[in-house]
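Engineer: Before I ask anything, here is the structure I am working with.
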Amino acid sequence: MKKEIPKAYDAREVEDKVYKIWEDSGFFNPDNLPCAGEGKTPDKFVISMPPPNATGILHLGHASMLAYQDLMVRFNRLKQKQTLWLPGTDHASIATQTKVEKIIAEEGKTKYDLGREKFLERVHEYVEGSQDTIRNQVRKMGSSCDWSRERYTLDEGLSEVVKEVFEMMYKDGLIYRGDRIVNWCPRCESTLADDEVEHQETKGKFYFFRYSKDFPITIATTRPETKLGDVAVAVNPKDEKYKEFVGKIYKINLGNGEHEIKIIADRNVDMTFGTGALGVTPAHSMVDFQMAHENDLPVIKVIGEDGRMTAEAGEDYEGLTTVEAREKIAQYFRDNGLMEKEEEVDQNLSICYRCDATIEPLPSLQWFIDVNKKITKEGNKYFQDKSLKEVMLQVVREREVKIIPERFEKAYFSWVENLRDWCISRQLWFGHRVPVWYCEDCGEIILNKKDEEACPKCKSENIKQDSDTFDTWFSSGMWTFSTLMDKDFTKYNTFEEWMKSSPDLAKFHPTSVMETGYDILPLWVARMILMTTYVVGEIPFENVYLHGMLRDKEGRKMSKSLGNGIDPLEMIEKYGTDALRLSLIVGSAPGNDLKVYEEKIENYRNFVNKLWNISRYILMSVKEVGQIEKRPEAKTLADEWILGEIDILVASVGNNLENFRFSLAGEDIYDFAWSKLADWYLEIAKVEGDKDEILLYALERLLIVLHPFAPFVTEEIWKNFGFDNLIMIEKWPESSVSVKMNIDEYRTVRIVGCSEEDAAIRGDFELIKNMITSIRNIRAEYKIEPVKKLKAVIVSIDKKDLIESQAEIIKFLGRIEELEMVDKFEKSDDMAMAVLPGVEIFVSLEGLVDREKERQNLLKEKENLEKFVKNLEAKLENETFVAKAPAKIIEQEKTKLTDSKDRLGKVEEKIKSLL
RNA sequence: GGUCGCUUGGCUCAGUUGGUUAGAGCAUACGAUUCACAUUCGUAAGGUCGGUGGUUCGAGUCCACCAGCGACCACCA
C-alpha cells in the first residue's frame with residue numbers, strides 16, 4: 001500500500017481536529033460506550049476531575065494533573081470499563097473574590113463602592129470568562145472528559161446540595177453557632193480555617209515588662225498591644241518562683257481603665273520560655289481563650305475586625321493599627337520604667353494563604369462543624385455512634401480508601417487527629433450564602449427558608465438572612481457525589497429521595513481514583529472523606545493518587561514572581577500535547593516533585609515523531625493494511641523474539657498502569673518502540689521481508705498501549721490505517737498466555753522471559769544482536785567507512801546452526817560481505833577479534849590492524865573477565881552460599897562462570913597470538 | 001520541636017517482596033546523510049549507588065547512626 005504521509009508529524013495540524021472527532025463521537029460519555037448496558041455497571045472506572053479554580057488560566061500543574069488522569073481514564077476505557085471522567089470548576093470563593101478585588105482596585109474602586117450585588121455581578125462575569133478559558137485549555141490537553149456532565153460548585157444543583165447538607169448536619173447536631181476565637185484576615189475581612197493559615201518566619205521583638213511598678217511578675221510578649229486585653233497571668237503550677245502568687249488578684253491600668261489581673265496556674269505554661277509567666281489575652285489567642293474559659297475570666301476585645309484597636313483598648317489607642325499601638329504601648333512601658341528588656345527573636349507570623357495579610361485571632365460568632373461529636377445515622381454504615389473524626393481515621397486505616405504513596409497516610413492521620421472544630425462560615429460575599437435566617441424580633445433561627453416570608457414562631461416579617469457565606473471547602477468536600485446527583489432536583493420532595501433516585505450516583509459512586517497534589521491532602525481530600533461518608537454513607541473514592549509539585553531545572557517552585565514557570569500552552573504550540581504529556585508522566589513518581597524543562601519536552605517530541613515514522617514506514621511498505629486480530633505465526637527467530645516482546649510489553653504496561661506506576665509503563669513503551677521495534681526489528685524486516693502481518697500486529701498493539709499516554713498521534717496514525725473505529729475505544733490487547741503478570745512473577749518475566757522456550761529465544765536473539773554490535777564496534781574502532789563491506793570468520797560449535805540460520809541478518813546489519821563459519825580458526829594477523837560466549841568473531845581488516853591496539857583491547861577485556869571469574873569462583877566456593885542460596889541463583893551463577901571462563905580462554909589465546 | 005522525603009556517571013531521573021558485570025534520556029567524543037525518520041543512525045567514554053557500622057550466603061535495595069538538602073505539621077505567650 002502506498003499512501004502519502006507527511007515525513008514529520010505536525011501536532012498543530014492534527015490535535016484540534018482529532019479532539020473534535022473524539023468529542024463528536026460521544027464516547028467521552030460512558031453511556032455511549034459499547035460496554036454500556038442497562039442497569040448495573042459491572043466494571044466501571046470513575047474520576048472526578050479536581051475542579052480547577054475559576055480564576056485565571058491553566059498552569060503546568062493543571063497540565064500534569066490532566067495528563068495523569070487522562071492516562072488512567074483512557075487506559076480503563078481501553079480495558080472496556082464503563083469510564084467516566086467528570087469535569088468541572090470550583091468557585092473558590094476566597095481566591096476568586098481576592099482576584100476580582102484586585103482587578104477593581106486597579107479601577108480605583110473597592111467592593112463597597114460597588115455594593116454586594118454589583119460586586120457579585122462582576123465576579124460572575126469574571127468567572128464565566130475564565131471558565132471558557134479553562135474548558136478550552138482542558139481540551140487542548142486532550143482530556144477525554146464527559147463535557148455533558150460538567151458541573152460548577154455554584155450551579156443550582158450543587159448549591160441546593162450545600163443547603164440540604166447544612167440542614168442535615170444542623171439537625172444531627174453536628175453544626176453549631178458559637179462565639180470562639182477564629183483566624184481573622186483583616187484584609188479579606190473574613191475568618192479562615194486553621195489550615196488556611198500559613199506561617200512565615202520573621203524577625204520580631206520580645207518585650208519583657210511589668211503591668212505596673214508593684215506587679216510582682218515580669219511578663220514577656222511579642223505583641224504588647226494585646227496586653228491591653230489581658231485579664232490574667234498564667235504560670236506553671238510546678239513553678240516554685242511563682243507559687244506564692246497563684247490565686248492572687250492585682251489591679252492594673254494601662255490607660256484603658258482599671259482591670260483585674262488574676263494569677264492562675266496552668267500546666268500548659270512552659271516554665272523555661274520567656275519568664276515562665278504568660279499574660280493571658282483571651283480575645284486574641286486560642287490558648288488564652290481556653291484558659292479564660294476554664295477560669296471564668298472575662299474577654300476583652302482590643303483589636304477589631306478591621307485590624308485596628310477598638311474602643312475597649314482605650315482612647316489613646318482606639319483606631320490605631322496594631323503596629324502603631326505596639327510601639328505606643330512599648331514607649332509607655334519604657335517611659336514608666338516598666339520595661340525590663342527588649343530582645344530580637346525569630347517568630348512565626350501567621351498569614352493568610354490567599355493574600356498574605358497578618359492573621360489576627362479574634363473572638364467571633366461563627367458556624368462550626370463539631371468533629372468530635374458521636375452520632376448515629378440510620379442507614380449509614382459508618383456512623384454508628386461515631387464522630388466525623390473517627391470515621392475519617394477508620395476508612396483510611398482500614399484501607400477502604402488507599403492513599404498512594406502510602407507514606408502520606410501518616411500525614412493524613414496526624415492532621416485528622418489534631419483536627420479541631422471546623423469553622424465553615426466566611427465573611428466573604430462570593431460563595432454559598434449560609435441558608436439561615438434570623439428573626440429580628442424573637443431571635444428565632446430559620447433554616448432553608450423556602451417561600452414563607454414570616455417567622456414561623458412570632459409571624460414577624462422582620463427576618464434577615466445570615467450575611468456570611470460558606471468555606472469553599474465545605475462545598476468542594478461534596479464534589480464526588482454532588483456532581484453525580486440529578487441536575488433536576490425540583491422533581492424530588494426530600495433530599496433522601498433525590499439521592500436515592502439519582503441514576504449517576506448509583507452507577508458511578510464511589511469514584512475509583514482521586515488524583516490530586518499532596519498539598520491539598522488535608523485541605524480537600526480529608527474533607528471529601530468527611531462529607532461523603534457522612535452524607536452518602538460511602539467513601540468518596542477508592543484510591544487517592546497524589547502527584548508531586550512541579551519544579552524548574554534548579555528545583556525551584558514555579559512561580560510568577562520568579563518567571564520560571566513553563567506555560568503549557570506555549571509548549572503545546574511548540575512541541576505538541578503528546579510530547580508535553582509524556583514529559584510530565586515519564587520520570588514522575590507519586591508524591592515526588594518533578595523537574596520539568598524544555599529539553600525534556602523536546603525529547604518526547606522526538607519520540608512522537610519517531611513513532612510517526614515507524615508507522616509511516618510500515619504503512620508504506622505493507623501490501624495491504626488490515627486489522628490483525630490474532631497473533632501471527634513466526635517464521636524466523638526475529639519474529640519469535642518481537643512477538644514475545646509484544647506480549648511482555650502489553651502485560652507489563654497493563655500491570656504497571658493498574659498499579660499506578662505510570663512512569664515505568666511509559667519507559668517500557670519508549671524502549672520497545674525505539675530500541676526494539678525500530679532499531680532492530682524493522683531493520684531485520686528489511687532483510688527477511690514478507691512480514692506484513694507481524695509489522696501491522698506489532699504497530700497496532702504499540703499504538704493501543706501508547707494511546708493513553710499520547711492520544712493524539714496514536715489516533716491520527718490509526719486514522720491513517722483507514723480503520724472505521726477510533727483507537728480510543730479499541731480493546732486493550734491480550735497478552736499471550738505464557739506471560740502471567742502477577743507481581744510475584746514480574747521480575748522473572750522481565751529478566752529471562754516467561755517459559756524456558758521463550759527464554760531460549762530471547763537468549764539466542766541477544767547473541768545475534770551482540771554479534772552484530774561487536775562487528776560494528778570493530779568497524780568504529782578502526783574507523784572503517786560504513787559503506788565498505790568486510791569479510792568475517794565465525795568460530796562456533798554449539799551455536800553453529802543458530803548463526804548459520806541468522807547469517808543474512810548478521811551480514812546486512814554488520815555490513816559483512818562474506819561470512820564464513822568454521823569449527824576452528826588459526827590466528828590471522830590482519831584480523832580483529834571479538835569473543836562472545838560460545839562464539840569467536842574475526843573480522844578481516846586487510847592490513848588495517850593495529851596489533852598493539854588490538855592487544856591493549858584484549859588485555860583490558862582479559863582483566864575484566866579475570867576479575868569477574870574470580871568473584872564468581874569465590875562465590876561458588878563459599879559453602880554457605882551453596883547451602884543457602886536458591887538453586888535457581890546457583891544455576892545462574894554456574895552458567896555465567898562457564899561462559900566467562902570460555903571467553904577468557906579465547907581472549908588469552910588471542911593475546912598470545914599477537915605477541 | 002515533630003513528621004516525612006531526597007542524596008545513583010556532568011545534568012535529569014529509573015531501579016516494584018535483597019540475587020543480570022547497576023539502567024535510561026540529555027549533554028560529551030568519534031563516525032555516518034539519496035534507500036521511514038538529522039525531530040535521524042552507528043560506536044564509545046563516563047558510576048566503589050552521600051558517609052560509617054550492622055543484618056544476610058548475597059545490600060543501591062533491609063536496620064542503626066551521621067552529614068547535606070528539601071517539604072510539611074505544630075507552635076512559645
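Quick note on naming: the chains in the C-alpha cells go A, B, ... in the order shown, residues restart at 1 in each chain, and ligands are numbered from 1 in order of appearance.
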Would you list the contacts of segment 15-28 of chain B as a VMD selection string, taking every protein, DNA or RNA residue within 7 Å and counting only C-alpha atoms (C1' of nucleotides), but skipping same-chain residues closer than 4 positions in sequence?
Structural biologist: (chain A and resid 868 889) or (chain B and resid 58 to 59 61)
Engineer: Could you please select, counting only C-alpha atoms (C1' of nucleotides), the residues of chain B within 9 Å of chain A and state them as number ranges by chain?
Structural biologist: B: 3-5, 12-14, 16-17, 19-21, 24-26, 30-32, 36-37, 39-44, 57-58, 72-73, 75-77
Engineer: From a DSSP pass on the backbone, collect the residues of segment 614-813 of chain A flagged as alpha helix (DSSP H) and hand them back as a tab-separated table (two decimals) with N, CA and C atoms, in the first residue's frame.
Structural biologist:
chain	number	residue	atom	x	y	z
A	614	ILE	N	7.90	5.33	12.28
A	614	ILE	CA	7.78	3.87	12.33
A	614	ILE	C	6.50	3.48	11.57
A	615	SER	N	5.44	4.18	11.88
A	615	SER	CA	4.17	3.82	11.24
A	615	SER	C	4.18	4.22	9.77
A	616	ARG	N	4.84	5.30	9.47
A	616	ARG	CA	4.93	5.75	8.08
A	616	ARG	C	5.62	4.66	7.25
A	617	TYR	N	6.70	4.14	7.80
A	617	TYR	CA	7.43	3.10	7.09
A	617	TYR	C	6.57	1.84	6.93
A	618	ILE	N	5.94	1.44	8.02
A	618	ILE	CA	5.15	0.21	7.96
A	618	ILE	C	3.98	0.38	6.98
A	619	LEU	N	3.31	1.49	7.08
A	619	LEU	CA	2.15	1.69	6.21
A	619	LEU	C	2.56	1.77	4.74
A	620	MET	N	3.73	2.29	4.49
A	620	MET	CA	4.15	2.41	3.10
A	620	MET	C	4.69	1.09	2.56
A	621	SER	N	5.18	0.24	3.48
A	621	SER	CA	5.84	-0.96	2.97
A	621	SER	C	4.91	-2.17	2.89
A	637	LEU	N	13.56	-16.42	13.79
A	637	LEU	CA	13.92	-16.11	15.18
A	637	LEU	C	13.50	-14.69	15.55
A	638	ALA	N	13.76	-13.76	14.65
A	638	ALA	CA	13.42	-12.37	14.94
A	638	ALA	C	11.91	-12.22	15.15
A	639	ASP	N	11.14	-12.96	14.39
A	639	ASP	CA	9.68	-12.92	14.56
A	639	ASP	C	9.29	-13.40	15.96
A	640	GLU	N	9.86	-14.54	16.31
A	640	GLU	CA	9.58	-15.10	17.65
A	640	GLU	C	9.91	-14.05	18.71
A	641	TRP	N	11.06	-13.45	18.52
A	641	TRP	CA	11.54	-12.50	19.51
A	641	TRP	C	10.60	-11.30	19.63
A	642	ILE	N	10.25	-10.69	18.50
A	642	ILE	CA	9.43	-9.48	18.59
A	642	ILE	C	8.03	-9.80	19.11
A	643	LEU	N	7.49	-10.96	18.72
A	643	LEU	CA	6.17	-11.33	19.22
A	643	LEU	C	6.20	-11.53	20.74
A	644	GLY	N	7.30	-12.13	21.19
A	644	GLY	CA	7.46	-12.28	22.64
A	644	GLY	C	7.58	-10.94	23.34
A	645	GLU	N	8.31	-10.03	22.71
A	645	GLU	CA	8.47	-8.70	23.29
A	645	GLU	C	7.12	-7.97	23.37
A	646	ILE	N	6.29	-8.19	22.38
A	646	ILE	CA	4.97	-7.54	22.41
A	646	ILE	C	4.16	-8.07	23.58
A	647	ASP	N	4.19	-9.38	23.75
A	647	ASP	CA	3.46	-9.96	24.88
A	647	ASP	C	3.92	-9.36	26.20
A	648	ILE	N	5.23	-9.27	26.32
A	648	ILE	CA	5.78	-8.74	27.56
A	648	ILE	C	5.39	-7.27	27.73
A	649	LEU	N	5.46	-6.53	26.65
A	649	LEU	CA	5.12	-5.11	26.70
A	649	LEU	C	3.67	-4.92	27.15
A	650	VAL	N	2.76	-5.61	26.49
A	650	VAL	CA	1.35	-5.45	26.80
A	650	VAL	C	1.08	-5.79	28.25
A	651	ALA	N	1.66	-6.90	28.68
A	651	ALA	CA	1.43	-7.33	30.06
A	651	ALA	C	2.06	-6.38	31.06
A	652	SER	N	3.27	-5.95	30.80
A	652	SER	CA	3.93	-5.12	31.80
A	652	SER	C	3.34	-3.71	31.84
A	653	VAL	N	2.96	-3.18	30.69
A	653	VAL	CA	2.35	-1.85	30.71
A	653	VAL	C	1.02	-1.91	31.46
A	654	GLY	N	0.23	-2.93	31.16
A	654	GLY	CA	-1.06	-3.08	31.85
A	654	GLY	C	-0.88	-3.19	33.35
A	655	ASN	N	0.06	-4.02	33.73
A	655	ASN	CA	0.32	-4.22	35.14
A	655	ASN	C	0.81	-2.93	35.82
A	656	ASN	N	1.71	-2.25	35.18
A	656	ASN	CA	2.22	-1.01	35.75
A	656	ASN	C	1.15	0.06	35.87
A	657	LEU	N	0.30	0.15	34.87
A	657	LEU	CA	-0.73	1.18	34.93
A	657	LEU	C	-1.74	0.86	36.03
A	658	GLU	N	-2.07	-0.43	36.14
A	658	GLU	CA	-3.02	-0.79	37.19
A	658	GLU	C	-2.49	-0.48	38.57
A	662	PHE	N	3.05	4.80	36.51
A	662	PHE	CA	2.90	5.39	35.18
A	662	PHE	C	4.23	5.55	34.46
A	663	SER	N	5.22	5.98	35.21
A	663	SER	CA	6.50	6.27	34.60
A	663	SER	C	7.13	5.00	34.01
A	664	LEU	N	7.09	3.93	34.77
A	664	LEU	CA	7.68	2.68	34.29
A	664	LEU	C	6.98	2.20	33.03
A	665	ALA	N	5.67	2.32	33.03
A	665	ALA	CA	4.90	1.89	31.87
A	665	ALA	C	5.34	2.70	30.65
A	666	GLY	N	5.50	4.00	30.84
A	666	GLY	CA	5.90	4.85	29.74
A	666	GLY	C	7.29	4.51	29.23
A	667	GLU	N	8.20	4.24	30.15
A	667	GLU	CA	9.56	3.89	29.76
A	667	GLU	C	9.59	2.61	28.95
A	668	ASP	N	8.80	1.64	29.37
A	668	ASP	CA	8.75	0.36	28.66
A	668	ASP	C	8.31	0.55	27.21
A	669	ILE	N	7.33	1.41	27.02
A	669	ILE	CA	6.83	1.63	25.67
A	669	ILE	C	7.88	2.34	24.82
A	670	TYR	N	8.48	3.34	25.43
A	670	TYR	CA	9.52	4.10	24.74
A	670	TYR	C	10.63	3.16	24.28
A	671	ASP	N	11.04	2.30	25.19
A	671	ASP	CA	12.12	1.37	24.90
A	671	ASP	C	11.71	0.37	23.82
A	682	LEU	N	12.60	-3.63	12.61
A	682	LEU	CA	12.34	-3.03	11.29
A	682	LEU	C	13.55	-3.22	10.38
A	683	GLU	N	14.73	-3.12	10.93
A	683	GLU	CA	15.92	-3.30	10.11
A	683	GLU	C	16.01	-4.75	9.62
A	684	ILE	N	15.69	-5.66	10.52
A	684	ILE	CA	15.73	-7.07	10.14
A	684	ILE	C	14.66	-7.37	9.09
A	685	ALA	N	13.51	-6.73	9.28
A	685	ALA	CA	12.41	-6.96	8.34
A	685	ALA	C	12.82	-6.57	6.92
A	686	LYS	N	13.70	-5.60	6.82
A	686	LYS	CA	14.15	-5.17	5.50
A	686	LYS	C	14.90	-6.31	4.80
A	687	VAL	N	15.59	-7.14	5.59
A	687	VAL	CA	16.33	-8.26	5.00
A	687	VAL	C	15.41	-9.45	4.80
A	688	GLU	N	14.72	-9.80	5.85
A	688	GLU	CA	13.94	-11.04	5.79
A	688	GLU	C	12.69	-10.90	4.92
A	692	ASP	N	4.42	-8.45	6.61
A	692	ASP	CA	3.31	-7.51	6.73
A	692	ASP	C	2.46	-7.75	7.97
A	693	GLU	N	2.09	-8.99	8.18
A	693	GLU	CA	1.19	-9.29	9.29
A	693	GLU	C	1.80	-8.93	10.63
A	694	ILE	N	3.06	-9.36	10.81
A	694	ILE	CA	3.69	-9.10	12.10
A	694	ILE	C	3.93	-7.61	12.30
A	695	LEU	N	4.34	-6.92	11.26
A	695	LEU	CA	4.57	-5.48	11.39
A	695	LEU	C	3.29	-4.76	11.79
A	696	LEU	N	2.21	-5.11	11.13
A	696	LEU	CA	0.94	-4.46	11.46
A	696	LEU	C	0.49	-4.84	12.87
A	697	TYR	N	0.66	-6.12	13.17
A	697	TYR	CA	0.28	-6.59	14.50
A	697	TYR	C	1.06	-5.83	15.57
A	698	ALA	N	2.35	-5.70	15.37
A	698	ALA	CA	3.20	-5.00	16.34
A	698	ALA	C	2.79	-3.54	16.47
A	699	LEU	N	2.61	-2.90	15.33
A	699	LEU	CA	2.28	-1.48	15.36
A	699	LEU	C	0.92	-1.24	16.01
A	700	GLU	N	-0.05	-2.06	15.65
A	700	GLU	CA	-1.37	-1.87	16.24
A	700	GLU	C	-1.33	-1.97	17.76
A	701	ARG	N	-0.62	-2.98	18.23
A	701	ARG	CA	-0.54	-3.13	19.69
A	701	ARG	C	0.24	-2.00	20.35
A	702	LEU	N	1.31	-1.60	19.70
A	702	LEU	CA	2.08	-0.48	20.23
A	702	LEU	C	1.21	0.78	20.33
A	703	LEU	N	0.43	1.01	19.28
A	703	LEU	CA	-0.41	2.21	19.29
A	703	LEU	C	-1.43	2.16	20.41
A	704	ILE	N	-2.03	0.99	20.60
A	704	ILE	CA	-3.06	0.91	21.64
A	704	ILE	C	-2.46	1.14	23.03
A	705	VAL	N	-1.33	0.49	23.31
A	705	VAL	CA	-0.79	0.68	24.66
A	705	VAL	C	-0.24	2.09	24.85
A	706	LEU	N	0.16	2.73	23.77
A	706	LEU	CA	0.68	4.09	23.90
A	706	LEU	C	-0.46	5.13	23.93
A	711	PRO	N	-2.42	10.39	23.17
A	711	PRO	CA	-3.66	10.07	22.46
A	711	PRO	C	-3.74	10.62	21.04
A	712	PHE	N	-3.17	11.80	20.83
A	712	PHE	CA	-3.38	12.43	19.52
A	712	PHE	C	-2.65	11.71	18.40
A	713	VAL	N	-1.36	11.50	18.58
A	713	VAL	CA	-0.59	10.90	17.49
A	713	VAL	C	-1.05	9.47	17.22
A	714	THR	N	-1.40	8.76	18.27
A	714	THR	CA	-1.84	7.37	18.07
A	714	THR	C	-3.17	7.33	17.32
A	715	GLU	N	-4.05	8.26	17.66
A	715	GLU	CA	-5.34	8.29	16.96
A	715	GLU	C	-5.14	8.67	15.50
A	716	GLU	N	-4.25	9.60	15.26
A	716	GLU	CA	-4.01	10.06	13.90
A	716	GLU	C	-3.41	8.94	13.05
A	717	ILE	N	-2.49	8.19	13.61
A	717	ILE	CA	-1.89	7.08	12.87
A	717	ILE	C	-2.97	6.02	12.61
A	718	TRP	N	-3.76	5.77	13.62
A	718	TRP	CA	-4.86	4.80	13.48
A	718	TRP	C	-5.77	5.19	12.33
A	719	LYS	N	-5.99	6.50	12.27
A	719	LYS	CA	-6.82	7.02	11.18
A	719	LYS	C	-6.16	6.74	9.83
A	720	ASN	N	-4.84	6.86	9.79
A	720	ASN	CA	-4.11	6.60	8.55
A	720	ASN	C	-4.20	5.15	8.11
A	721	PHE	N	-4.46	4.26	9.06
A	721	PHE	CA	-4.70	2.87	8.70
A	721	PHE	C	-5.97	2.75	7.86
A	743	ILE	N	2.42	-9.90	40.41
A	743	ILE	CA	3.62	-9.21	40.88
A	743	ILE	C	4.76	-10.19	41.14
A	744	ASP	N	4.44	-11.36	41.69
A	744	ASP	CA	5.49	-12.31	42.04
A	744	ASP	C	6.31	-12.72	40.83
A	745	GLU	N	5.62	-12.85	39.72
A	745	GLU	CA	6.34	-13.34	38.55
A	745	GLU	C	6.94	-12.21	37.72
A	746	TYR	N	6.65	-11.00	38.15
A	746	TYR	CA	7.01	-9.87	37.32
A	746	TYR	C	8.49	-9.83	36.99
A	747	ARG	N	9.29	-10.00	38.01
A	747	ARG	CA	10.73	-9.90	37.79
A	747	ARG	C	11.18	-10.96	36.79
A	748	THR	N	10.69	-12.20	37.02
A	748	THR	CA	11.04	-13.30	36.15
A	748	THR	C	10.73	-12.96	34.69
A	749	VAL	N	9.57	-12.42	34.51
A	749	VAL	CA	9.14	-12.09	33.17
A	749	VAL	C	10.08	-11.08	32.53
A	750	ARG	N	10.42	-10.07	33.30
A	750	ARG	CA	11.24	-9.02	32.70
A	750	ARG	C	12.64	-9.51	32.37
A	751	ILE	N	13.15	-10.41	33.17
A	751	ILE	CA	14.56	-10.71	33.02
A	751	ILE	C	14.81	-11.88	32.08
A	752	VAL	N	14.19	-12.99	32.27
A	752	VAL	CA	14.56	-14.13	31.45
A	752	VAL	C	13.46	-14.60	30.53
A	756	GLU	N	10.68	-21.52	29.42
A	756	GLU	CA	12.05	-21.85	29.06
A	756	GLU	C	12.29	-21.63	27.57
A	757	GLU	N	11.27	-21.99	26.81
A	757	GLU	CA	11.36	-21.86	25.37
A	757	GLU	C	11.53	-20.38	24.98
A	758	ASP	N	10.70	-19.54	25.60
A	758	ASP	CA	10.79	-18.11	25.32
A	758	ASP	C	12.14	-17.55	25.73
A	759	ALA	N	12.60	-18.04	26.87
A	759	ALA	CA	13.88	-17.56	27.37
A	759	ALA	C	14.99	-17.92	26.39
A	760	ALA	N	14.90	-19.12	25.82
A	760	ALA	CA	15.90	-19.56	24.86
A	760	ALA	C	15.89	-18.67	23.63
A	761	ILE	N	14.69	-18.32	23.18
A	761	ILE	CA	14.57	-17.43	22.02
A	761	ILE	C	15.21	-16.08	22.32
A	762	ARG	N	14.89	-15.56	23.49
A	762	ARG	CA	15.47	-14.26	23.86
A	762	ARG	C	16.99	-14.35	23.94
A	763	GLY	N	17.48	-15.45	24.50
A	763	GLY	CA	18.92	-15.64	24.62
A	763	GLY	C	19.57	-15.72	23.25
A	764	ASP	N	18.97	-16.49	22.35
A	764	ASP	CA	19.52	-16.63	21.01
A	764	ASP	C	19.54	-15.29	20.29
A	765	PHE	N	18.44	-14.57	20.40
A	765	PHE	CA	18.38	-13.30	19.70
A	765	PHE	C	19.38	-12.31	20.27
A	766	GLU	N	19.52	-12.34	21.59
A	766	GLU	CA	20.51	-11.47	22.24
A	766	GLU	C	21.90	-11.74	21.67
A	767	LEU	N	22.22	-13.03	21.47
A	767	LEU	CA	23.54	-13.38	20.96
A	767	LEU	C	23.76	-12.80	19.56
A	768	ILE	N	22.74	-12.94	18.73
A	768	ILE	CA	22.87	-12.39	17.37
A	768	ILE	C	23.07	-10.87	17.43
A	769	LYS	N	22.26	-10.23	18.29
A	769	LYS	CA	22.41	-8.78	18.45
A	769	LYS	C	23.82	-8.41	18.90
A	770	ASN	N	24.31	-9.18	19.88
A	770	ASN	CA	25.64	-8.89	20.40
A	770	ASN	C	26.71	-9.09	19.35
A	771	MET	N	26.52	-10.10	18.52
A	771	MET	CA	27.50	-10.32	17.46
A	771	MET	C	27.54	-9.13	16.51
A	772	ILE	N	26.38	-8.65	16.17
A	772	ILE	CA	26.31	-7.50	15.26
A	772	ILE	C	26.94	-6.28	15.90
A	773	THR	N	26.63	-6.07	17.16
A	773	THR	CA	27.20	-4.92	17.87
A	773	THR	C	28.73	-5.04	17.93
A	774	SER	N	29.21	-6.26	18.14
A	774	SER	CA	30.67	-6.43	18.20
A	774	SER	C	31.32	-6.09	16.87
A	775	ILE	N	30.68	-6.52	15.80
A	775	ILE	CA	31.23	-6.22	14.48
A	775	ILE	C	31.23	-4.70	14.23
A	776	ARG	N	30.14	-4.08	14.59
A	776	ARG	CA	30.05	-2.61	14.42
A	776	ARG	C	31.09	-1.91	15.26
A	777	ASN	N	31.31	-2.46	16.45
A	777	ASN	CA	32.29	-1.91	17.37
A	777	ASN	C	33.68	-1.95	16.73
A	778	ILE	N	34.01	-3.10	16.13
A	778	ILE	CA	35.31	-3.21	15.47
A	778	ILE	C	35.42	-2.17	14.35
A	779	ARG	N	34.36	-2.03	13.60
A	779	ARG	CA	34.36	-1.05	12.50
A	779	ARG	C	34.63	0.36	13.01
A	780	ALA	N	33.96	0.68	14.13
A	780	ALA	CA	34.11	2.03	14.67
A	780	ALA	C	35.52	2.22	15.22
A	781	GLU	N	36.03	1.21	15.89
A	781	GLU	CA	37.38	1.24	16.44
A	781	GLU	C	38.39	1.58	15.36
A	800	LYS	N	26.47	-23.05	16.08
A	800	LYS	CA	26.69	-23.05	14.65
A	800	LYS	C	25.38	-22.93	13.84
A	801	ASP	N	24.43	-23.79	14.19
A	801	ASP	CA	23.17	-23.80	13.45
A	801	ASP	C	22.44	-22.47	13.57
A	802	LEU	N	22.42	-21.97	14.80
A	802	LEU	CA	21.75	-20.69	15.04
A	802	LEU	C	22.35	-19.59	14.17
A	803	ILE	N	23.67	-19.50	14.20
A	803	ILE	CA	24.34	-18.42	13.48
A	803	ILE	C	24.13	-18.57	11.97
A	804	GLU	N	24.23	-19.81	11.52
A	804	GLU	CA	24.03	-20.02	10.08
A	804	GLU	C	22.63	-19.59	9.66
A	805	SER	N	21.66	-19.88	10.53
A	805	SER	CA	20.28	-19.52	10.17
A	805	SER	C	20.07	-18.00	10.18
A	807	ALA	N	22.51	-15.82	9.36
A	807	ALA	CA	23.65	-15.22	8.67
A	807	ALA	C	23.27	-13.98	7.87
A	808	GLU	N	22.14	-14.01	7.23
A	808	GLU	CA	21.73	-12.87	6.40
A	808	GLU	C	21.62	-11.60	7.24
A	809	ILE	N	21.04	-11.76	8.41
A	809	ILE	CA	20.86	-10.60	9.29
A	809	ILE	C	22.22	-10.06	9.71
A	810	ILE	N	23.09	-10.97	10.11
A	810	ILE	CA	24.41	-10.53	10.56
A	810	ILE	C	25.14	-9.82	9.42
A	811	LYS	N	25.03	-10.39	8.25
A	811	LYS	CA	25.71	-9.78	7.12
A	811	LYS	C	25.16	-8.39	6.82
A	812	PHE	N	23.85	-8.27	6.81
A	812	PHE	CA	23.24	-6.99	6.47
A	812	PHE	C	23.50	-5.91	7.52
A	813	LEU	N	23.24	-6.26	8.75
A	813	LEU	CA	23.37	-5.24	9.80
A	813	LEU	C	24.83	-4.98	10.19
Engineer: Using atom CA of Val869 of chain A and atom C1' of A45 of chain B as the two end points, give the distance in Å to one decimal.
Structural biologist: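 Answer for the atom CA of Val869 of chain A to atom C1' of A45 of chain B separation: 24.3 Å.
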Engineer: As a PyMOL selection string, please: every residue in segment 633-878 of chain A that a backbone DSSP assignment puts in strand (DSSP E or B).
Structural biologist: chain A and resi 790-795+816-822+831-836+839-844
Engineer: Near C49 of chain B, within 10 Å and counting only C-alpha atoms (C1' of nucleotides), which residues show up once chain neighbours fewer than 4 positions away are dropped, as number ranges by chain?
Structural biologist: B: 7-8, 22, 60
Engineer: Excluding Tyr438 of chain A and its own-chain neighbours fewer than 3 positions away, which residues fall within 8 Å of it when counting only C-alpha atoms (C1' of nucleotides)? Please give them as a PyMOL selection string.
Structural biologist: chain A and resi 443-446+463-466
Engineer: Using only C-alpha atoms, which residue out of A:Glu891, A:Tyr412, A:His259, A:Met485 lies closest to Lys507 of chain A?
Structural biologist: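 The shortest atom-to-atom distance to Lys507 of chain A comes from A:Met485.
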Engineer: Of the residues A:Pro186, A:Gly178, A:Gly257, A:Gly548, which is the one nearest to A71 of chain B, using only C-alpha atoms (C1' of nucleotides)?
Structural biologist: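 Counting only C-alpha atoms (C1' of nucleotides), the residue closest to A71 of chain B is A:Gly548.
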